[in-house]
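Asks: The structure under discussion is supplied below as C-alpha cells; questions concerning it will follow.
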Amino acid sequence: MPANPNELKKREAAARAAIKKAFDTADDESGVALFISHHLEEIDADYWKQHFSTETPEPQRILDSLVLQSHWGGDDEIETFDFTLPEDVTNYLISVSFDEDGDVSGITMES
C-alpha cells in the first residue's frame with residue numbers, strides 16, 4: 001500500500017527537525033555530528049565552494065541542504081527516512097527511524 005503523501009511530508013519534516021536537534025545536542029549519539037565533521041574533512045573544497053560559496057560551510061547550512069534519498073520499511077514505506085548530501089557526493093546517509101506511533105525513535109549514520 002503506498003504511503004499517504006501527507007504522512008510522508010509530516011514525517012520528512014519531523015525527521016529534518018530531529019536531525020537538527022540531534023546536531024545541537026552536546027552528547028550527539030545519533031551520528032549527525034560525525035556525518036558533518038567527516039564530510040567537512042573528506043570532501044574536496046571545490047564541492048563546498050560550488051554548493052555553499054565557501055570552502056568550509058557552517059554545519060547548519062549543510063543540514064539544510066540534505067536531500068531525502070529514500071523512505072522505506074513496512075507496508076506504507078514510512079518507517080525509515082534516509083538523507084544525504086546533494087549530487088551523490090557520498091555513500092553515507094543519516095537514517096531517521098520512526099516508531100509505530102509516528103515518533104522519531106532513532107537517528108544513525110549509515111553507509
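We label chains A, B, ... in the order they appear in the C-alpha cells, count residues from 1 in each chain, and number ligands from 1 in the order shown.
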With 10 Å as the cut-off and only C-alpha atoms counted, what is the closest atom pair between each nearby residue of range 62-94 of chain A and range 28-43 of chain A? Distances in Å to one decimal, ordered by chain and number, as JSON lines.
Replies:
{"residue": "A:Ile62", "atom": "CA", "partner": "A:Ile36", "partner_atom": "CA", "distance": 7.6}
{"residue": "A:Leu63", "atom": "CA", "partner": "A:Ile36", "partner_atom": "CA", "distance": 8.2}
{"residue": "A:Thr84", "atom": "CA", "partner": "A:Phe35", "partner_atom": "CA", "distance": 9.5}
{"residue": "A:Leu85", "atom": "CA", "partner": "A:His39", "partner_atom": "CA", "distance": 9.3}
{"residue": "A:Val89", "atom": "CA", "partner": "A:Ile43", "partner_atom": "CA", "distance": 8.0}
{"residue": "A:Thr90", "atom": "CA", "partner": "A:His39", "partner_atom": "CA", "distance": 8.3}
{"residue": "A:Tyr92", "atom": "CA", "partner": "A:Phe35", "partner_atom": "CA", "distance": 7.7}
{"residue": "A:Leu93", "atom": "CA", "partner": "A:Phe35", "partner_atom": "CA", "distance": 8.0}
{"residue": "A:Ile94", "atom": "CA", "partner": "A:Val32", "partner_atom": "CA", "distance": 6.8}
Asks: Can I get the selection written as a CSV table (one decimal), in the first residue's frame, with N, CA and C atoms?
Replies:
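New file again-v4.csv:
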chain,number,residue,atom,x,y,z
A,62,ILE,N,24.8,22.9,5.9
A,62,ILE,CA,24.9,21.6,5.4
A,62,ILE,C,23.6,20.8,5.7
A,63,LEU,N,23.2,20.9,7.0
A,63,LEU,CA,22.0,20.2,7.4
A,63,LEU,C,20.8,20.6,6.6
A,84,THR,N,21.0,12.4,2.6
A,84,THR,CA,22.4,12.5,2.2
A,84,THR,C,22.7,13.9,1.6
A,85,LEU,N,23.9,14.1,1.2
A,85,LEU,CA,24.3,15.4,0.6
A,85,LEU,C,23.9,15.4,-0.9
A,89,VAL,N,27.5,12.8,-3.7
A,89,VAL,CA,28.9,13.0,-3.4
A,89,VAL,C,29.4,12.0,-2.4
A,90,THR,N,28.5,11.3,-1.7
A,90,THR,CA,28.9,10.4,-0.6
A,90,THR,C,28.0,9.2,-0.6
A,92,TYR,N,27.4,7.9,2.4
A,92,TYR,CA,26.9,7.9,3.8
A,92,TYR,C,25.5,8.5,3.8
A,93,LEU,N,24.7,8.1,4.8
A,93,LEU,CA,23.4,8.5,5.0
A,93,LEU,C,23.2,8.9,6.4
A,94,ILE,N,22.2,9.8,6.7
A,94,ILE,CA,21.7,10.0,8.0
A,94,ILE,C,20.3,9.3,7.9
Asks: Can you pull out every residue within 10 Å of Trp72 in chain A, counting only C-alpha atoms, but drop anything in the same chain fewer than 2 positions away, and send it as a PyMOL selection string?
Replies: chain A and resi 3+70+74-82+97
Asks: Suppose we keep N, CA, C and O atoms; can you now write the selection as a compact mmCIF listing (two decimals), in the first residue's frame?
Replies:
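out.txt, written as the output of this step:
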# COMPACT_ATOMS: atom_id res chain seq x y z
N ALA A 3 2.36 5.00 0.55
CA ALA A 3 2.28 5.89 1.70
C ALA A 3 1.38 7.08 1.39
O ALA A 3 1.31 7.55 0.27
N SER A 70 15.67 8.35 0.24
CA SER A 70 14.64 7.31 0.19
C SER A 70 13.87 7.24 1.49
O SER A 70 14.31 7.78 2.51
N GLY A 74 8.15 -1.39 6.22
CA GLY A 74 6.74 -1.69 6.46
C GLY A 74 5.91 -1.58 5.19
O GLY A 74 6.42 -1.27 4.12
N ASP A 75 4.63 -1.80 5.34
CA ASP A 75 3.72 -1.77 4.19
C ASP A 75 3.59 -0.38 3.59
O ASP A 75 3.37 -0.23 2.39
N ASP A 76 3.70 0.66 4.43
CA ASP A 76 3.49 2.01 3.92
C ASP A 76 4.80 2.74 3.61
O ASP A 76 4.78 3.90 3.20
N GLU A 77 5.93 2.09 3.80
CA GLU A 77 7.25 2.62 3.46
C GLU A 77 7.58 3.93 4.18
O GLU A 77 8.20 4.81 3.62
N ILE A 78 7.17 4.06 5.45
CA ILE A 78 7.45 5.29 6.18
C ILE A 78 8.10 5.05 7.54
O ILE A 78 8.03 5.89 8.41
N GLU A 79 8.76 3.94 7.69
CA GLU A 79 9.43 3.65 8.96
C GLU A 79 10.82 4.26 9.05
O GLU A 79 11.30 4.56 10.13
N THR A 80 11.50 4.42 7.92
CA THR A 80 12.86 4.95 7.90
C THR A 80 13.02 5.92 6.74
O THR A 80 12.62 5.63 5.62
N PHE A 81 13.63 7.07 7.03
CA PHE A 81 13.91 8.08 6.03
C PHE A 81 15.42 8.28 5.97
O PHE A 81 16.07 8.48 7.00
N ASP A 82 15.99 8.21 4.77
CA ASP A 82 17.44 8.35 4.57
C ASP A 82 17.75 9.66 3.86
O ASP A 82 17.19 9.95 2.79
N SER A 97 14.63 6.84 11.99
CA SER A 97 13.62 5.78 12.16
C SER A 97 12.45 6.30 12.98
O SER A 97 12.63 7.12 13.89
Asks: Closest to Ala15 in chain A among A:Ser95, A:Ser111, A:Tyr47, A:Asp101, using only C-alpha atoms?
Replies: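 Ranked by minimum distance to Ala15 in chain A, first place goes to A:Ser95.
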Asks: How many Å lie between CA of Glu55 in chain A and CA of Asp88 in chain A, rounded to one decimal?
Replies: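 Interatomic distance here is 18.2 Å.
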Asks: I need the strand (DSSP E or B) residues of range 54-87 of chain A per DSSP on the backbone, written as a VMD selection string.
Replies: chain A and resid 67 to 72 80 to 84
Asks: Emit the selected residues as a tab-separated table (two decimals), in the first residue's frame, including C-alpha atoms.
Replies:
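Writing done, so here's out_1.tsv:
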chain	number	residue	atom	x	y	z
A	67	VAL	CA	18.42	15.56	0.29
A	68	LEU	CA	15.84	12.87	1.04
A	69	GLN	CA	17.28	9.86	-0.75
A	70	SER	CA	14.64	7.31	0.19
A	71	HIS	CA	11.97	6.22	2.63
A	72	TRP	CA	11.24	2.60	3.34
A	80	THR	CA	12.86	4.95	7.90
A	81	PHE	CA	13.91	8.08	6.03
A	82	ASP	CA	17.44	8.35	4.57
A	83	PHE	CA	19.09	11.71	3.90
A	84	THR	CA	22.38	12.51	2.18
Asks: From a DSSP pass on the backbone, collect the residues of range 24-61 of chain A flagged as alpha helix (DSSP H) and hand them back as a ChimeraX atom specification.
Replies: /A:24,32-42,45-52,59-61
Asks: Considering only C-alpha atoms, can you say which of A:Asp44, A:Pro59, A:Lys10, A:Asn4 comes closest to Val104 in chain A?
Replies: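 Looking at the shortest contact to Val104 in chain A, the residue is A:Lys10.
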Asks: Please determine, counting only C-alpha atoms, which residue among A:Arg16, A:Asp103, A:Ala45, A:Met109 has the shortest atom-to-atom distance to Ser65 in chain A.
Replies: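 Of A:Arg16, A:Asp103, A:Ala45, A:Met109, the one nearest Ser65 in chain A, counting only C-alpha atoms, is A:Arg16.
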Asks: Please measure the separation of CA of Arg11 in chain A and CA of Gly102 in chain A, giving the value in Å to one decimal.
Replies: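 Answer for the CA of Arg11 in chain A to CA of Gly102 in chain A separation: 7.5 Å.
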Asks: Please report the interatomic distance between CA of Ile107 in chain A and CA of Phe52 in chain A in Å with one decimal.
Replies: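 Separation between CA of Ile107 in chain A and CA of Phe52 in chain A: 25.0 Å.
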Asks: Which residue gives the smallest distance to Ser105 in chain A among A:Trp48, A:Pro5, A:Ile19, A:Asp24, with only C-alpha atoms counted?
Replies: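 Distance minimum relative to Ser105 in chain A lands on A:Ile19.
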Asks: Select, from A:Ala14, A:Glu110, A:Pro57, A:Leu66, the residue with the minimum atom-to-atom distance to Glu87 in chain A, counting only C-alpha atoms.
Replies: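 Answer, going by the shortest atom-to-atom distance: A:Leu66.
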